[in-house]
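Q: Structure in structure tokens, see below.
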Amino acid sequence: MRALLTTLILTLSVGACSGIETRPAPITEFAAGGYKYYKWRSEPLPNTADSQDPMYIMDPILRKELNKDLAKKGYVLDDARAQFTVDYVYAAGLRMGERSAEASNLTPYPSVNPNRQINQAVVDNAYALGGVKETSNIALQFNDASTRKEVWHVIITKIVEDVNKVNLKEMKSSLAKGVREALSTLPPAK
């Protein structure tokens with residue numbers, strides 16, 4: 001029992017520090033479907049103008065990671081025999097007062113402690129780190145191929161630290177981690 005509790009606490013601590021939040025829907029309807037074959041509901045985004053928009057950069061990376069992780073669980077990408085379809089919606093968002101990677105290790109939220117030898121740098125940091133944070137949000141949606149009814153979804157959210165710069169290496173890493181966490185509740189293919 002103690003080992004189980006320790007493992008649970010360690011898992012939650014590591015998950016809490018990852019900077020990526022996943023919110024999966026209940027999996028019962030998808031699990032009852034006995035799915036194995038899938039296809040993408042939409043075509044990949046064509047980036048003919050070599051756009052640096054995060055949406056165009058993210059699309060092929062997300063598809064690759066999702067295909068890879070679904071294959072690890074035994075699902076097969078096959079347009080002809082698809083039993084369910086996969087699609088996603090990407091949206092930027094805002095959160096007020098969310099913690100940042102730069103928040104202190106004593107408290108996850110930036111703050112000012114009155115009467116504790118406060119200097120102007122501490123005050124400035126509290127203002128800078130305690131404000132509105134931009135988020136990247138991806139909703140993965142799985143639909144039954146015959147009924148077109150949603151059978152499962154999961155939302156992946158990450159706080160964006162530098163909104164003015166697209167860091168390809170960080171994006172690949174974050175998408176790989178986010179998809180892996182998002183599909184953790186998905187059962188293996190039947």
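Ligands are numbered from 1 in the order shown, residues from 1 within each chain, and chains are lettered A, B, ... in the order they appear in the structure tokens.
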Find the residues of segment 18-98 of chain A that sit at most 6 Å from segment 149-157 of chain A; for each, write down the nearest two atoms and how far apart they are in Å, to one decimal. Count only C-alpha atoms. Sort by chain, then by number going up, and give it as a tab-separated table.
A:
residue	atom	partner	partner_atom	distance
A:Ile20	CA	A:Thr157	CA	5.7
A:Glu21	CA	A:Thr157	CA	5.1
A:Thr22	CA	A:Ile156	CA	4.5
A:Arg23	CA	A:Ile155	CA	5.1
A:Pro24	CA	A:Val154	CA	4.0
A:Ala25	CA	A:His153	CA	5.6
A:Glu29	CA	A:Val151	CA	5.7
A:Phe30	CA	A:Val151	CA	5.1
Q: So that I can see what lies close to segment 136-148 of chain A, please list as a PyMOL selection string the residues with an atom at most 7 Å from it, counting only C-alpha atoms and leaving out residues fewer than 6 positions away in the same chain.
A: chain A and resi 82-93+154-160
Q: Keeping only N, CA and C atoms, take the residues you just selected and write them out as a compact mmCIF listing (two decimals), in the first residue's frame.
A:
# COMPACT_ATOMS: atom_id res chain seq x y z
N ALA A 82 -11.46 1.76 -41.77
CA ALA A 82 -11.58 2.61 -40.58
C ALA A 82 -12.90 2.41 -39.85
N GLN A 83 -12.78 2.19 -38.54
CA GLN A 83 -13.94 2.07 -37.66
C GLN A 83 -14.18 3.37 -36.90
N PHE A 84 -13.13 4.16 -36.75
CA PHE A 84 -13.28 5.47 -36.12
C PHE A 84 -12.40 6.48 -36.84
N THR A 85 -12.76 7.75 -36.69
CA THR A 85 -11.97 8.82 -37.30
C THR A 85 -11.35 9.67 -36.21
N VAL A 86 -10.24 10.29 -36.55
CA VAL A 86 -9.51 11.16 -35.62
C VAL A 86 -9.42 12.55 -36.24
N ASP A 87 -9.67 13.55 -35.44
CA ASP A 87 -9.51 14.92 -35.89
C ASP A 87 -9.10 15.76 -34.68
N TYR A 88 -8.73 17.00 -34.93
CA TYR A 88 -8.35 17.87 -33.82
C TYR A 88 -8.78 19.30 -34.11
N VAL A 89 -8.88 20.06 -33.05
CA VAL A 89 -9.13 21.49 -33.13
C VAL A 89 -8.03 22.17 -32.33
N TYR A 90 -7.41 23.18 -32.92
CA TYR A 90 -6.36 23.93 -32.25
C TYR A 90 -6.87 25.34 -31.96
N ALA A 91 -6.62 25.83 -30.77
CA ALA A 91 -7.02 27.19 -30.42
C ALA A 91 -6.07 27.76 -29.37
N ALA A 92 -5.75 29.02 -29.52
CA ALA A 92 -4.99 29.72 -28.49
C ALA A 92 -5.98 30.15 -27.42
N GLY A 93 -5.51 30.27 -26.20
CA GLY A 93 -6.38 30.68 -25.11
C GLY A 93 -5.63 31.55 -24.13
N VAL A 154 -10.17 14.34 -25.88
CA VAL A 154 -9.24 14.76 -24.84
C VAL A 154 -8.73 16.14 -25.22
N ILE A 155 -8.53 16.98 -24.22
CA ILE A 155 -8.03 18.33 -24.45
C ILE A 155 -6.63 18.44 -23.86
N ILE A 156 -5.71 18.92 -24.66
CA ILE A 156 -4.32 19.11 -24.25
C ILE A 156 -4.07 20.62 -24.16
N THR A 157 -3.55 21.08 -23.02
CA THR A 157 -3.30 22.51 -22.83
C THR A 157 -1.87 22.70 -22.34
N LYS A 158 -1.19 23.68 -22.92
CA LYS A 158 0.17 24.02 -22.49
C LYS A 158 0.27 25.54 -22.41
N ILE A 159 0.87 26.02 -21.32
CA ILE A 159 1.13 27.46 -21.19
C ILE A 159 2.30 27.81 -22.09
N VAL A 160 2.13 28.83 -22.90
CA VAL A 160 3.16 29.27 -23.83
C VAL A 160 3.99 30.35 -23.14
Q: How many Å separate atom CA of Gly74 of chain A from atom CA of Lys169 of chain A?
A: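 Atom-to-atom, atom CA of Gly74 of chain A and atom CA of Lys169 of chain A are spaced 27.5 Å apart.
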Q: Might you pull out every residue within 8 Å of segment 62-72 of chain A, with only C-alpha atoms counted and same-chain residues fewer than 6 positions away left off, and present them as a list in words?
A: Leu175, Ala176, Val179, Arg180 and Leu183 of chain A
Q: Would you mind writing down, as a PyMOL selection string, each residue of segment 129-182 of chain A that DSSP on the backbone assigns to strand (DSSP E or B)?
A: chain A and resi 132-144+150-160
Q: Restricting the calculation to only C-alpha atoms, which member of A:Gly19, A:Pro60, A:Pro26, A:Gly178 is positioned closest to Leu45 of chain A?
A: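 For Leu45 of chain A, the nearest of the candidates is A:Pro60.
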Q: Please provide the set of residues having any atom within 7 Å of Val76 of chain A, restricted to only C-alpha atoms, with same-chain residues fewer than 5 positions apart removed, written as JSON, numbers by chain.
A: {"A": [36, 37, 38, 71]}
Q: Limited to all heavy atoms, could you put the picked residues into a file as a short mmCIF file (atom, residue, chain, number, x, y, z; two decimals), in the first residue's frame?
A:
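Result file out37.cif:
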data_model
loop_
_atom_site.label_atom_id
_atom_site.label_comp_id
_atom_site.auth_asym_id
_atom_site.auth_seq_id
_atom_site.Cartn_x
_atom_site.Cartn_y
_atom_site.Cartn_z
N LYS A 36 -10.25 -0.88 -33.86
CA LYS A 36 -8.87 -1.22 -34.21
C LYS A 36 -8.35 -0.34 -35.34
O LYS A 36 -7.22 0.10 -35.33
CB LYS A 36 -8.75 -2.68 -34.61
CG LYS A 36 -7.33 -3.08 -34.97
CD LYS A 36 -7.20 -4.56 -35.26
CE LYS A 36 -5.80 -4.90 -35.69
NZ LYS A 36 -4.93 -5.23 -34.60
N TYR A 37 -9.20 -0.05 -36.34
CA TYR A 37 -8.78 0.69 -37.53
C TYR A 37 -9.31 2.12 -37.48
O TYR A 37 -10.44 2.35 -37.06
CB TYR A 37 -9.29 0.00 -38.80
CG TYR A 37 -8.80 -1.42 -38.92
CD1 TYR A 37 -9.61 -2.49 -38.58
CD2 TYR A 37 -7.51 -1.68 -39.37
CE1 TYR A 37 -9.15 -3.79 -38.68
CE2 TYR A 37 -7.04 -2.98 -39.47
CZ TYR A 37 -7.86 -4.03 -39.12
OH TYR A 37 -7.40 -5.31 -39.21
N TYR A 38 -8.48 3.05 -37.92
CA TYR A 38 -8.88 4.45 -37.91
C TYR A 38 -8.38 5.17 -39.15
O TYR A 38 -7.53 4.65 -39.89
CB TYR A 38 -8.37 5.16 -36.65
CG TYR A 38 -6.89 5.46 -36.65
CD1 TYR A 38 -6.42 6.72 -37.00
CD2 TYR A 38 -5.95 4.48 -36.31
CE1 TYR A 38 -5.06 7.01 -37.00
CE2 TYR A 38 -4.60 4.77 -36.31
CZ TYR A 38 -4.17 6.03 -36.66
OH TYR A 38 -2.82 6.31 -36.67
N ALA A 71 -0.35 3.56 -32.94
CA ALA A 71 0.24 2.30 -33.41
C ALA A 71 0.82 1.50 -32.25
O ALA A 71 0.71 0.27 -32.21
CB ALA A 71 1.31 2.58 -34.46
#
Q: Just give me the gap between atom CA of Thr28 of chain A and atom CA of Ser42 of chain A in Å, one decimal is fine.
A: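 So the answer is 25.0 Å.
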